[in-house]
$ cat work_26.csv   # CSV, C-alpha atoms
chain,number,residue,atom,x,y,z
A,1,MET,CA,78.3,234.7,-55.6
A,2,THR,CA,79.4,231.9,-53.2
A,3,SER,CA,78.2,228.4,-53.8
A,4,PHE,CA,78.4,225.5,-51.4
A,5,PHE,CA,76.2,222.8,-49.9
A,6,VAL,CA,74.3,223.1,-46.6
A,7,ASN,CA,73.1,219.8,-45.1
A,8,GLY,CA,73.3,218.3,-48.6
A,9,LYS,CA,71.5,221.0,-50.5
A,10,ALA,CA,73.3,223.3,-52.9
A,11,VAL,CA,73.1,227.0,-51.9
A,12,HIS,CA,74.2,230.1,-53.7
A,13,VAL,CA,74.5,233.4,-51.8
A,14,ASP,CA,75.3,236.8,-53.0
A,15,VAL,CA,77.2,238.3,-50.1
A,16,ASP,CA,80.6,239.9,-49.5
A,17,PRO,CA,83.0,236.9,-49.5
A,18,SER,CA,84.4,238.0,-46.1
A,19,THR,CA,80.9,237.7,-44.4
A,20,PRO,CA,81.2,235.2,-41.6
A,21,LEU,CA,79.5,231.9,-42.5
A,22,LEU,CA,77.4,232.2,-39.4
A,23,TRP,CA,75.6,235.2,-40.7
A,24,VAL,CA,75.0,233.6,-44.0
A,25,LEU,CA,73.5,230.6,-42.2
A,26,ARG,CA,71.3,232.6,-39.8
A,27,ASP,CA,70.4,235.7,-41.9
A,28,SER,CA,70.6,234.6,-45.5
A,29,LEU,CA,69.5,231.0,-45.2
A,30,GLU,CA,67.4,231.5,-42.0
A,31,MET,CA,68.9,228.5,-40.2
A,32,THR,CA,69.0,229.7,-36.7
A,33,GLY,CA,70.0,226.5,-34.9
A,34,THR,CA,73.6,227.6,-35.0
A,35,LYS,CA,74.2,230.3,-32.4
A,36,PHE,CA,76.2,233.5,-32.1
A,37,GLY,CA,78.1,233.5,-28.8
A,38,CYS,CA,81.2,235.6,-28.9
A,39,GLY,CA,82.1,236.3,-32.5
A,40,MET,CA,85.7,235.7,-31.8
A,41,ALA,CA,86.0,231.9,-31.9
A,42,LEU,CA,86.3,231.8,-28.1
A,43,CYS,CA,83.1,230.0,-27.0
A,44,GLY,CA,82.2,227.3,-29.6
A,45,ALA,CA,78.5,228.2,-29.8
A,46,CYS,CA,78.7,228.7,-33.6
A,47,THR,CA,80.4,225.3,-34.4
A,48,VAL,CA,79.4,223.7,-37.6
A,49,HIS,CA,81.1,221.1,-39.8
A,50,LEU,CA,83.0,222.0,-43.0
A,51,ASP,CA,83.7,218.8,-45.0
A,52,GLY,CA,83.3,216.9,-41.7
A,53,LYS,CA,85.7,219.1,-39.7
A,54,ALA,CA,84.5,221.4,-37.0
A,55,ILE,CA,84.9,225.1,-37.6
A,56,ARG,CA,83.7,228.2,-35.8
A,57,SER,CA,81.4,229.8,-38.2
A,58,CYS,CA,81.5,233.2,-36.5
A,59,VAL,CA,85.0,233.8,-37.8
A,60,ALA,CA,85.1,231.7,-40.9
A,61,PRO,CA,84.5,233.8,-44.0
A,62,VAL,CA,81.8,232.4,-46.3
A,63,SER,CA,84.5,232.2,-49.0
A,64,ARG,CA,86.1,229.4,-47.1
A,65,ALA,CA,83.0,227.2,-47.8
A,66,GLU,CA,83.1,227.7,-51.6
A,67,GLY,CA,82.4,224.3,-53.2
A,68,LYS,CA,82.4,222.5,-49.8
A,69,HIS,CA,79.8,220.8,-47.6
A,70,VAL,CA,78.6,222.5,-44.5
A,71,THR,CA,76.7,220.5,-41.9
A,72,THR,CA,74.7,222.4,-39.2
A,73,ILE,CA,72.8,221.1,-36.2
A,74,GLU,CA,69.7,220.9,-38.4
A,75,GLY,CA,71.5,218.5,-40.7
A,76,LEU,CA,73.0,216.1,-38.1
A,77,SER,CA,70.0,213.8,-38.5
A,78,GLU,CA,66.5,214.2,-40.1
A,79,ASN,CA,64.5,213.2,-37.0
A,80,LEU,CA,66.7,213.5,-33.9
A,81,THR,CA,68.1,210.0,-34.4
A,82,HIS,CA,71.7,210.8,-34.2
A,83,PRO,CA,73.2,208.9,-31.2
A,84,LEU,CA,74.2,212.3,-29.7
A,85,GLN,CA,70.8,213.8,-30.0
A,86,LYS,CA,69.2,210.6,-28.4
A,87,ALA,CA,71.8,210.7,-25.6
A,88,TRP,CA,71.3,214.4,-25.1
A,89,ILE,CA,67.5,213.9,-24.7
A,90,GLU,CA,68.0,210.8,-22.5
A,91,MET,CA,70.4,212.6,-20.2
A,92,ASP,CA,68.4,215.8,-20.2
A,93,VAL,CA,71.7,217.7,-20.9
A,94,PRO,CA,70.7,221.3,-21.7
A,95,GLN,CA,69.8,223.9,-19.1
A,96,CYS,CA,69.4,227.1,-21.0
A,97,GLY,CA,70.4,225.3,-24.2
A,98,TYR,CA,72.2,228.2,-25.9
A,99,CYS,CA,75.5,226.5,-26.3
A,100,GLN,CA,74.2,223.0,-27.0
A,101,SER,CA,74.1,222.9,-30.8
A,102,GLY,CA,77.8,223.8,-30.7
A,103,GLN,CA,78.5,221.3,-28.0
A,104,ILE,CA,76.8,218.5,-30.1
A,105,MET,CA,78.6,219.5,-33.3
A,106,SER,CA,82.0,219.3,-31.6
A,107,ALA,CA,81.0,216.0,-29.9
A,108,ALA,CA,80.0,214.6,-33.3
A,109,VAL,CA,83.5,215.2,-34.7
A,110,LEU,CA,84.9,213.4,-31.7
A,111,LEU,CA,82.7,210.4,-32.1
A,112,ALA,CA,83.3,210.2,-35.9
A,113,GLU,CA,87.1,209.9,-35.2
A,114,ASN,CA,87.0,208.0,-31.9
A,115,SER,CA,84.1,205.6,-31.3
A,116,LYS,CA,85.1,205.0,-27.6
A,117,PRO,CA,86.4,208.2,-26.2
A,118,THR,CA,87.9,208.4,-22.7
A,119,ASP,CA,87.3,211.3,-20.4
A,120,GLN,CA,90.6,212.7,-21.5
A,121,ASP,CA,89.6,212.4,-25.2
A,122,ILE,CA,86.4,214.3,-24.3
A,123,ASP,CA,88.4,217.0,-22.5
A,124,ASP,CA,90.7,217.3,-25.5
A,125,ALA,CA,87.7,217.5,-27.9
A,126,MET,CA,85.3,219.7,-26.0
A,127,GLY,CA,87.6,222.3,-24.3
A,128,GLY,CA,86.6,225.0,-26.8
A,129,ASN,CA,82.9,224.7,-26.1
A,130,ILE,CA,81.9,226.8,-23.1
A,131,CYS,CA,78.6,226.3,-21.2
A,132,ARG,CA,77.8,229.1,-18.8
A,133,CYS,CA,75.2,226.9,-17.1
A,134,GLY,CA,77.9,224.4,-16.3
A,135,THR,CA,76.3,221.3,-17.8
A,136,TYR,CA,79.8,219.8,-18.4
A,137,PRO,CA,79.2,216.6,-16.3
A,138,ARG,CA,76.0,215.8,-18.2
A,139,ILE,CA,77.7,216.6,-21.5
A,140,ARG,CA,80.4,214.1,-20.6
A,141,ARG,CA,77.9,211.4,-19.6
A,142,ALA,CA,75.9,212.0,-22.7
A,143,ILE,CA,79.0,211.6,-25.0
A,144,HIS,CA,79.8,208.3,-23.3
A,145,ARG,CA,76.1,207.3,-23.7
A,146,ALA,CA,76.1,208.3,-27.4
A,147,ALA,CA,79.2,206.2,-28.0
A,148,GLU,CA,77.3,203.2,-26.5
A,149,LEU,CA,74.3,203.9,-28.6
A,150,ALA,CA,76.4,204.3,-31.7
A,151,GLY,CA,78.1,201.0,-30.9
A,152,GLN,CA,74.7,199.2,-30.5
A,153,ARG,CA,73.5,200.7,-33.7
A,154,SER,CA,76.6,199.6,-35.7
A,155,ALA,CA,76.4,196.1,-34.0
A,156,LYS,CA,72.8,195.6,-35.3
B,1,MET,CA,213.6,248.6,-44.3
B,2,ILE,CA,210.5,248.7,-42.4
B,3,LYS,CA,209.9,246.0,-39.9
B,4,PHE,CA,206.4,245.0,-39.4
B,5,PRO,CA,205.5,243.6,-36.0
B,6,PRO,CA,205.1,239.9,-36.1
B,7,ARG,CA,201.5,238.9,-36.9
B,8,LYS,CA,199.6,237.7,-33.9
B,9,LYS,CA,198.7,234.1,-34.5
B,10,PHE,CA,195.5,232.6,-33.4
B,11,SER,CA,195.7,229.1,-32.5
B,12,ARG,CA,193.6,226.8,-34.6
B,13,TRP,CA,191.7,225.8,-31.5
B,14,LYS,CA,190.7,229.4,-30.7
B,15,THR,CA,189.5,230.0,-34.2
B,16,ARG,CA,187.4,226.9,-34.1
B,17,LYS,CA,186.0,227.9,-30.7
B,18,PHE,CA,185.0,231.3,-31.9
B,19,GLY,CA,183.4,229.9,-35.1
B,20,LEU,CA,181.4,227.4,-33.0
B,21,ARG,CA,180.2,230.2,-30.6
B,22,MET,CA,179.1,232.3,-33.6
B,23,LEU,CA,177.3,229.3,-35.1
B,24,VAL,CA,175.5,228.5,-31.8
B,25,SER,CA,174.5,232.0,-31.1
B,26,GLY,CA,173.4,232.5,-34.7
B,27,THR,CA,171.3,229.4,-34.6
B,28,ALA,CA,169.8,230.5,-31.3
B,29,VAL,CA,169.0,234.0,-32.7
B,30,PHE,CA,167.4,232.4,-35.8
B,31,ALA,CA,165.4,229.9,-33.8
B,32,LEU,CA,164.2,232.6,-31.5
B,33,GLY,CA,163.3,234.7,-34.5
B,34,ALA,CA,161.5,231.9,-36.1
B,35,ALA,CA,159.7,231.0,-32.9
B,36,ALA,CA,158.6,234.6,-32.5
B,37,ALA,CA,157.5,234.8,-36.1
B,38,PHE,CA,155.6,231.6,-35.6
B,39,LEU,CA,154.0,232.8,-32.5
B,40,VAL,CA,153.0,236.1,-34.0
B,41,THR,CA,151.6,234.3,-37.1
B,42,SER,CA,149.6,231.8,-35.1
B,43,LEU,CA,148.3,234.6,-32.8
B,44,HIS,CA,147.2,236.5,-35.9
B,45,ALA,CA,145.6,233.3,-37.3
B,46,ARG,CA,143.9,232.7,-34.0
B,47,ALA,CA,142.7,236.3,-33.9
B,48,ARG,CA,141.5,236.0,-37.4
B,49,ALA,CA,139.6,232.8,-36.5
B,50,GLU,CA,138.4,234.2,-33.2
B,51,LYS,CA,137.0,237.4,-34.6
B,52,PRO,CA,134.3,235.8,-36.8
B,53,ALA,CA,133.6,233.2,-34.1
B,54,ALA,CA,133.0,235.9,-31.6
B,55,ALA,CA,130.9,237.8,-34.1
B,56,SER,CA,129.0,234.6,-34.9
B,57,ARG,CA,128.2,234.0,-31.2
B,58,ALA,CA,127.2,237.6,-30.8
B,59,ALA,CA,124.9,237.4,-33.8
B,60,PHE,CA,123.3,234.2,-32.5
B,61,LEU,CA,122.5,236.0,-29.3
B,62,GLN,CA,120.5,238.5,-31.3
B,63,VAL,CA,118.7,235.8,-33.2
B,64,TYR,CA,118.0,234.1,-29.9
B,65,ARG,CA,116.1,237.2,-28.7
B,66,VAL,CA,113.8,236.8,-31.7
B,67,LEU,CA,113.4,233.0,-31.3
B,68,THR,CA,112.4,233.4,-27.7
B,69,SER,CA,110.0,236.2,-28.3
B,70,PRO,CA,106.3,235.3,-28.0
B,71,ARG,CA,105.7,235.4,-31.7
B,72,CYS,CA,108.2,232.6,-32.2
B,73,GLN,CA,108.2,230.6,-29.0
B,74,ASN,CA,104.4,230.4,-28.6
B,75,CYS,CA,104.3,227.7,-31.3
B,76,HIS,CA,107.5,226.0,-30.0
B,77,PRO,CA,106.3,225.1,-26.5
B,78,ALA,CA,107.9,222.6,-24.1
B,79,GLY,CA,104.6,220.9,-23.5
B,80,ASP,CA,101.8,219.7,-25.9
B,81,SER,CA,99.8,222.9,-25.8
B,82,PRO,CA,100.5,226.0,-27.8
B,83,LEU,CA,101.1,229.2,-26.0
B,84,GLN,CA,99.4,232.5,-26.8
B,85,GLY,CA,99.7,236.2,-26.0
B,86,ASP,CA,102.6,238.5,-25.3
B,87,ASP,CA,102.9,236.8,-21.9
B,88,SER,CA,103.1,233.3,-23.5
B,89,HIS,CA,100.3,231.8,-21.4
B,90,VAL,CA,99.0,228.3,-22.3
B,91,HIS,CA,96.5,228.5,-25.1
B,92,LEU,CA,92.9,228.7,-23.8
B,93,GLN,CA,90.3,226.1,-24.8
B,94,ASN,CA,92.7,223.2,-23.8
B,95,VAL,CA,94.2,223.1,-27.3
B,96,LYS,CA,96.5,220.2,-27.9
B,97,ARG,CA,99.3,219.4,-30.4
B,98,GLY,CA,97.7,216.3,-31.8
B,99,VAL,CA,99.4,213.7,-34.0
B,100,ASP,CA,100.3,216.0,-36.8
B,101,GLY,CA,100.8,219.2,-34.9
B,102,HIS,CA,97.5,220.7,-36.0
B,103,GLY,CA,95.2,219.8,-33.0
B,104,LYS,CA,92.8,217.0,-32.1
B,105,TYR,CA,89.2,216.1,-33.1
B,106,GLY,CA,87.1,219.3,-33.3
B,107,MET,CA,89.9,221.3,-31.9
B,108,ARG,CA,92.2,221.6,-34.8
B,109,CYS,CA,94.1,224.8,-35.5
B,110,ASP,CA,91.9,225.7,-38.5
B,111,THR,CA,88.8,225.2,-36.5
B,112,CYS,CA,89.4,228.8,-35.4
B,113,HIS,CA,92.5,230.1,-37.3
B,114,GLN,CA,91.9,231.2,-40.9
B,115,LYS,CA,94.4,231.6,-43.7
B,116,ALA,CA,95.0,235.3,-42.6
B,117,ASN,CA,94.8,237.4,-39.5
B,118,LEU,CA,91.3,238.6,-38.6
B,119,PRO,CA,91.1,242.3,-37.8
B,120,GLY,CA,90.8,243.4,-34.2
B,121,GLU,CA,92.5,242.6,-30.9
B,122,HIS,CA,92.1,239.1,-29.5
B,123,MET,CA,90.8,237.8,-32.8
B,124,PRO,CA,92.4,234.6,-34.0
B,125,PRO,CA,95.6,235.2,-36.0
B,126,GLY,CA,96.0,233.2,-39.2
B,127,ASN,CA,98.2,231.6,-41.8
B,128,PRO,CA,97.7,228.7,-44.2
B,129,LYS,CA,100.3,226.7,-42.3
B,130,TRP,CA,99.2,227.5,-38.8
B,131,GLY,CA,100.3,224.8,-36.4
B,132,LEU,CA,102.9,223.4,-34.0
B,133,PRO,CA,105.8,221.1,-34.9
B,134,ALA,CA,104.7,217.5,-35.1
B,135,PRO,CA,105.2,215.4,-31.9
B,136,GLU,CA,108.0,213.4,-33.3
B,137,LEU,CA,110.1,216.6,-33.7
B,138,LYS,CA,108.9,219.2,-31.3
B,139,MET,CA,111.7,221.8,-31.9
B,140,VAL,CA,111.2,223.2,-28.4
B,141,PHE,CA,112.3,226.8,-27.9
B,142,VAL,CA,110.7,227.5,-24.6
B,143,GLY,CA,113.1,227.2,-21.6
B,144,ARG,CA,116.2,226.6,-23.8
B,145,ARG,CA,119.3,228.6,-22.9
B,146,ALA,CA,121.1,230.4,-25.8
B,147,GLY,CA,123.8,227.8,-26.2
B,148,GLU,CA,121.3,224.9,-26.0
B,149,LEU,CA,119.0,226.4,-28.6
B,150,CYS,CA,122.0,227.3,-30.8
B,151,ARG,CA,123.2,223.7,-30.8
B,152,GLN,CA,119.7,222.4,-31.2
B,153,ILE,CA,118.7,224.4,-34.2
B,154,LYS,CA,121.8,223.6,-36.2
B,155,ASP,CA,121.6,219.9,-35.5
B,156,PRO,CA,119.9,218.3,-38.5
B,157,LYS,CA,118.5,215.6,-36.2
B,158,GLN,CA,116.7,218.2,-34.3
B,159,ASN,CA,115.8,220.8,-36.9
B,160,GLY,CA,114.0,218.7,-39.5
B,161,ARG,CA,117.2,217.7,-41.4
B,162,ARG,CA,117.9,221.3,-42.5
B,163,SER,CA,121.4,222.4,-43.5
B,164,LEU,CA,122.5,225.8,-42.2
B,165,GLU,CA,121.6,227.4,-45.5
B,166,GLU,CA,118.2,225.8,-45.4
B,167,LEU,CA,117.8,227.1,-41.9
B,168,PHE,CA,118.8,230.6,-43.2
B,169,HIS,CA,116.1,230.4,-45.9
B,170,HIS,CA,113.6,229.1,-43.3
B,171,VAL,CA,114.1,232.3,-41.4
B,172,ALA,CA,114.4,234.5,-44.4
B,173,ASP,CA,111.6,233.2,-46.6
B,174,ASP,CA,109.1,230.9,-44.8
B,175,ASP,CA,105.6,232.2,-44.8
B,176,LEU,CA,104.6,231.0,-41.4
B,177,VAL,CA,107.9,232.3,-39.9
B,178,GLY,CA,107.2,235.6,-41.6
B,179,TRP,CA,103.9,235.8,-39.8
B,180,GLY,CA,105.9,236.6,-36.7
B,181,TRP,CA,106.5,240.1,-38.2
B,182,ASN,CA,102.9,240.5,-39.3
B,183,PRO,CA,101.1,239.2,-36.2
B,184,GLY,CA,97.9,241.1,-36.4
B,185,ASP,CA,96.3,243.6,-34.1
B,186,GLY,CA,97.4,243.8,-30.5
B,187,ARG,CA,100.5,241.6,-30.6
B,188,ALA,CA,104.0,242.7,-30.0
B,189,LEU,CA,106.6,242.4,-32.7
B,190,PRO,CA,109.9,240.5,-32.2
B,191,PRO,CA,112.7,242.6,-30.9
B,192,LEU,CA,114.5,242.7,-34.3
B,193,SER,CA,112.9,243.3,-37.7
B,194,ARG,CA,113.0,240.4,-40.2
B,195,PRO,CA,115.8,241.9,-42.3
B,196,ASP,CA,117.8,242.5,-39.2
B,197,THR,CA,117.2,239.0,-38.0
B,198,VAL,CA,118.2,237.6,-41.4
B,199,ALA,CA,121.4,239.7,-41.4
B,200,GLN,CA,122.3,238.3,-37.9
B,201,MET,CA,121.6,234.8,-39.2
B,202,ARG,CA,124.1,235.5,-42.1
B,203,ILE,CA,126.8,236.6,-39.7
B,204,TRP,CA,126.1,233.6,-37.4
B,205,ILE,CA,126.4,231.1,-40.3
B,206,ASP,CA,129.3,232.8,-42.1
B,207,GLY,CA,131.2,233.0,-38.8
B,208,GLY,CA,131.0,229.2,-38.4
B,209,ALA,CA,127.6,229.0,-36.6
B,210,ALA,CA,129.4,229.4,-33.3
B,211,CYS,CA,127.3,228.8,-30.2
B,212,PRO,CA,127.4,230.6,-26.9
B,213,GLU,CA,128.3,228.4,-23.9

$ encode --input "work_26.csv" --output "structure tokens"
Amino acid sequence: MTSFFVNGKAVHVDVDPSTPLLWVLRDSLEMTGTKFGCGMALCGACTVHLDGKAIRSCVAPVSRAEGKHVTTIEGLSENLTHPLQKAWIEMDVPQCGYCQSGQIMSAAVLLAENSKPTDQDIDDAMGGNICRCGTYPRIRRAIHRAAELAGQRSAK
Amino acid sequence: MIKFPPRKKFSRWKTRKFGLRMLVSGTAVFALGAAAAFLVTSLHARARAEKPAAASRAAFLQVYRVLTSPRCQNCHPAGDSPLQGDDSHVHLQNVKRGVDGHGKYGMRCDTCHQKANLPGEHMPPGNPKWGLPAPELKMVFVGRRAGELCRQIKDPKQNGRRSLEELFHHVADDDLVGWGWNPGDGRALPPLSRPDTVAQMRIWIDGGAACPE
């Protein structure tokens, strides 16, 4: 039995400890917002947070989450009010959308650590998230916009 | 009565001259002998000193082959991105060293690398200490000639304040260094085994940690 928290709720799963966290999220917990892309930590589609740090859930064994807090795209905000979600909608970022939950989860770590990222910071933070639709320019603009929105929110 | 011929008398002067000549030549012979002995002794001493130094240099060249193999040098790059693969290409995904040698933002080493290798080719290798040297002490291996790298790794200011013995144990016992010989599927091993590398380190250090030019 592996016990941890997902989006604030305690979960207990009876799976092989080497099972990738992604499959526990999607199959055991039926939270399908996190996507399977490559299964090799090459594309970033499966990005979630483990105690606030980004991890690729497709290669992280569920045993790594024991006693820790996992945040998925479903837990980023309760009602799409996270500055990144608002900016993503405002900028109409997604095309097919498959990579976008991973993109947003990586961007969330960036903004948590750097409230005013430069283009270089965005490149350094987002290089591991691939978008085959090529929405990179919109992703960049949306991250800058989210930083503005977050700044406005904290100024209020 | 038998008459003996009169004894030939040497003059005092002649006696003194002969004695002087003997003294001079004797001293010269002694000096020559001493010089020769000194020369032979110092040549021997030099040879004794040269032998381990030469062996030490030769041993370092073996260690150098390991240090500059992909398994070691990929995490000792000249720039701020790690390298990967047997061809030591720049790590994909725009991975950066970061302030602590473990990446930046959502692109930290343990974002993808676990505590152990994952099975299968092209799967992320792993170790609990996975990372690059921190930016204040990059310990660059890539592009260093043998003599340069030799002088660098034994310089406490450039090797993390390690003594030669600590350097030896770093190669012999460190877990992350040991990963180089257990690199997971599809990755070439260093040219020497770890025991052979450690043995060459011993010869290098015991011979005075001599460096190639």

$ residues_around --input "work_26.csv" --residues "region 64-69 of chain B" --least-positions-apart "4" --cutoff "8 Å" --atoms "all atoms listed in the file" --output "list in words"
Phe60, Gln73, Phe141, Val142, Ala146, Leu149, Cys150, Pro190, Pro191, Leu192 and Thr197 of chain B

$ atom_distance --input "work_26.csv" --atom1 "CA of Asn94 (chain B)" --atom2 "CA of Pro77 (chain B)"
14.0 Å

$ atom_distance --input "work_26.csv" --atom1 "CA of Thr71 (chain A)" --atom2 "CA of Leu50 (chain A)"
6.6 Å

$ closest_atom_pairs --input "work_26.csv" --of "chain A" --to "chain B" --cutoff "12 Å" --atoms "all atoms listed in the file" --output "Markdown table"
| residue | atom | partner | partner_atom | distance |
| --- | --- | --- | --- | --- |
| A:Ser18 | CA | B:Leu118 | CA | 10.2 |
| A:Thr19 | CA | B:Leu118 | CA | 11.9 |
| A:Pro20 | CA | B:Leu118 | CA | 11.1 |
| A:Cys38 | CA | B:Met123 | CA | 10.6 |
| A:Gly39 | CA | B:Met123 | CA | 8.8 |
| A:Met40 | CA | B:Met123 | CA | 5.6 |
| A:Ala41 | CA | B:Cys112 | CA | 5.8 |
| A:Leu42 | CA | B:Gln93 | CA | 7.7 |
| A:Cys43 | CA | B:Gln93 | CA | 8.5 |
| A:Gly44 | CA | B:Cys112 | CA | 9.4 |
| A:Cys46 | CA | B:Cys112 | CA | 10.9 |
| A:Thr47 | CA | B:Thr111 | CA | 8.7 |
| A:Val48 | CA | B:Thr111 | CA | 9.6 |
| A:His49 | CA | B:Gly106 | CA | 9.0 |
| A:Leu50 | CA | B:Thr111 | CA | 9.3 |
| A:Asp51 | CA | B:Thr111 | CA | 11.8 |
| A:Gly52 | CA | B:Gly106 | CA | 9.5 |
| A:Lys53 | CA | B:Gly106 | CA | 6.6 |
| A:Ala54 | CA | B:Gly106 | CA | 5.0 |
| A:Ile55 | CA | B:Thr111 | CA | 4.1 |
| A:Arg56 | CA | B:Cys112 | CA | 5.7 |
| A:Ser57 | CA | B:Cys112 | CA | 8.5 |
| A:Cys58 | CA | B:Cys112 | CA | 9.1 |
| A:Val59 | CA | B:Cys112 | CA | 7.1 |
| A:Ala60 | CA | B:Gln114 | CA | 6.8 |
| A:Pro61 | CA | B:Gln114 | CA | 8.4 |
| A:Val62 | CA | B:Gln114 | CA | 11.5 |
| A:Ser63 | CA | B:Gln114 | CA | 11.0 |
| A:Arg64 | CA | B:Gln114 | CA | 8.7 |
| A:Ala65 | CA | B:Gln114 | CA | 12.0 |
| A:Gly102 | CA | B:Gly106 | CA | 10.7 |
| A:Gln103 | CA | B:Gly106 | CA | 10.3 |
| A:Ile104 | CA | B:Gly106 | CA | 10.8 |
| A:Met105 | CA | B:Gly106 | CA | 8.5 |
| A:Ser106 | CA | B:Gly106 | CA | 5.4 |
| A:Ala107 | CA | B:Gly106 | CA | 7.7 |
| A:Ala108 | CA | B:Gly106 | CA | 8.5 |
| A:Val109 | CA | B:Gly106 | CA | 5.6 |
| A:Leu110 | CA | B:Tyr105 | CA | 5.3 |
| A:Leu111 | CA | B:Tyr105 | CA | 8.7 |
| A:Ala112 | CA | B:Tyr105 | CA | 8.8 |
| A:Glu113 | CA | B:Tyr105 | CA | 6.9 |
| A:Asn114 | CA | B:Tyr105 | CA | 8.5 |
| A:Ser115 | CA | B:Tyr105 | CA | 11.8 |
| A:Pro117 | CA | B:Tyr105 | CA | 10.9 |
| A:Gln120 | CA | B:Asn94 | CA | 11.0 |
| A:Asp121 | CA | B:Tyr105 | CA | 8.7 |
| A:Ile122 | CA | B:Tyr105 | CA | 9.4 |
| A:Asp123 | CA | B:Asn94 | CA | 7.7 |
| A:Asp124 | CA | B:Asn94 | CA | 6.5 |
| A:Ala125 | CA | B:Tyr105 | CA | 5.6 |
| A:Met126 | CA | B:Gly106 | CA | 7.5 |
| A:Gly127 | CA | B:Gln93 | CA | 4.7 |
| A:Gly128 | CA | B:Gln93 | CA | 4.3 |
| A:Asn129 | CA | B:Gln93 | CA | 7.6 |
| A:Ile130 | CA | B:Gln93 | CA | 8.6 |

$ atom_distance --input "work_26.csv" --atom1 "CA of Asn79 (chain A)" --atom2 "CA of Ala150 (chain A)"
15.8 Å

$ residues_around --input "work_26.csv" --residues "Gly97 (chain A)" --least-positions-apart "5" --cutoff "12 Å" --atoms "all atoms listed in the file" --output "ChimeraX atom specification"
/A:33-35,45,88-89,92,102-104,130-135,139

$ closest_residue --input "work_26.csv" --among "B:Arg151, B:Arg202, B:Arg97, B:Arg144" --to "Ala172 (chain B)" --atoms "only C-alpha atoms"
B:Arg202

$ residues_near_point --input "work_26.csv" --point "(101.5, 241.5, -40.9)" --cutoff "12 Å" --atoms "only C-alpha atoms" --output "list in words"
Arg71, Ala116, Asn117, Leu118, Pro119, Pro125, Gly126, Asn127, Asp175, Leu176, Val177, Gly178, Trp179, Gly180, Trp181, Asn182, Pro183, Gly184, Asp185, Gly186, Arg187, Ala188, Leu189, Ser193 and Arg194 of chain B

$ closest_residue --input "work_26.csv" --among "A:Leu80, A:Val6, A:Ile143, A:Ile73" --to "Val24 (chain A)" --atoms "only C-alpha atoms"
A:Val6

$ axis_aligned_box --input "work_26.csv" --around "region 112-125 of chain B" --padding-each-side "4 Å" --output "AutoDock Vina command-line options"
--center_x 92.5 --center_y 236.1 --center_z -36.6 --size_x 14.2 --size_y 22.6 --size_z 22.2

$ residues_around --input "work_26.csv" --residues "Met201 (chain B)" --least-positions-apart "5" --cutoff "8 Å" --atoms "all atoms listed in the file" --output "PyMOL selection string"
chain B and resi 59-60+63+168

$ closest_residue --input "work_26.csv" --among "B:Pro70, B:Gly143, B:Pro212, B:Pro156" --to "Asp87 (chain B)" --atoms "all atoms listed in the file"
B:Pro70

$ decode --input "work_26.csv" --residues "region 107-118 of chain B" --atoms "N, CA and C atoms" --output "short mmCIF file (atom, residue, chain, number, x, y, z; two decimals), in the first residue's frame"
data_model
loop_
_atom_site.label_atom_id
_atom_site.label_comp_id
_atom_site.auth_asym_id
_atom_site.auth_seq_id
_atom_site.Cartn_x
_atom_site.Cartn_y
_atom_site.Cartn_z
N MET B 107 12.81 22.18 -14.28
CA MET B 107 13.75 21.39 -15.08
C MET B 107 14.94 21.00 -14.19
N ARG B 108 14.62 20.46 -13.05
CA ARG B 108 15.68 19.99 -12.18
C ARG B 108 16.03 18.54 -12.54
N CYS B 109 17.21 18.12 -12.12
CA CYS B 109 17.65 16.77 -12.51
C CYS B 109 16.62 15.72 -12.09
N ASP B 110 16.10 15.87 -10.83
CA ASP B 110 15.18 14.82 -10.37
C ASP B 110 13.76 15.03 -10.87
N THR B 111 13.57 16.00 -11.76
CA THR B 111 12.28 16.06 -12.47
C THR B 111 12.12 14.77 -13.29
N CYS B 112 13.21 14.32 -13.87
CA CYS B 112 13.19 13.13 -14.73
C CYS B 112 14.02 11.98 -14.17
N HIS B 113 15.17 12.31 -13.55
CA HIS B 113 16.08 11.25 -13.08
C HIS B 113 15.65 10.76 -11.70
N GLN B 114 15.53 9.44 -11.58
CA GLN B 114 15.13 8.84 -10.31
C GLN B 114 16.38 8.46 -9.51
N LYS B 115 16.17 7.74 -8.42
CA LYS B 115 17.30 7.35 -7.59
C LYS B 115 18.08 6.17 -8.17
N ALA B 116 17.52 5.54 -9.18
CA ALA B 116 18.20 4.41 -9.83
C ALA B 116 17.90 4.44 -11.32
N ASN B 117 18.72 3.74 -12.09
CA ASN B 117 18.47 3.66 -13.53
C ASN B 117 17.10 3.05 -13.80
N LEU B 118 16.44 3.54 -14.85
CA LEU B 118 15.21 2.90 -15.29
C LEU B 118 15.57 1.94 -16.42
#
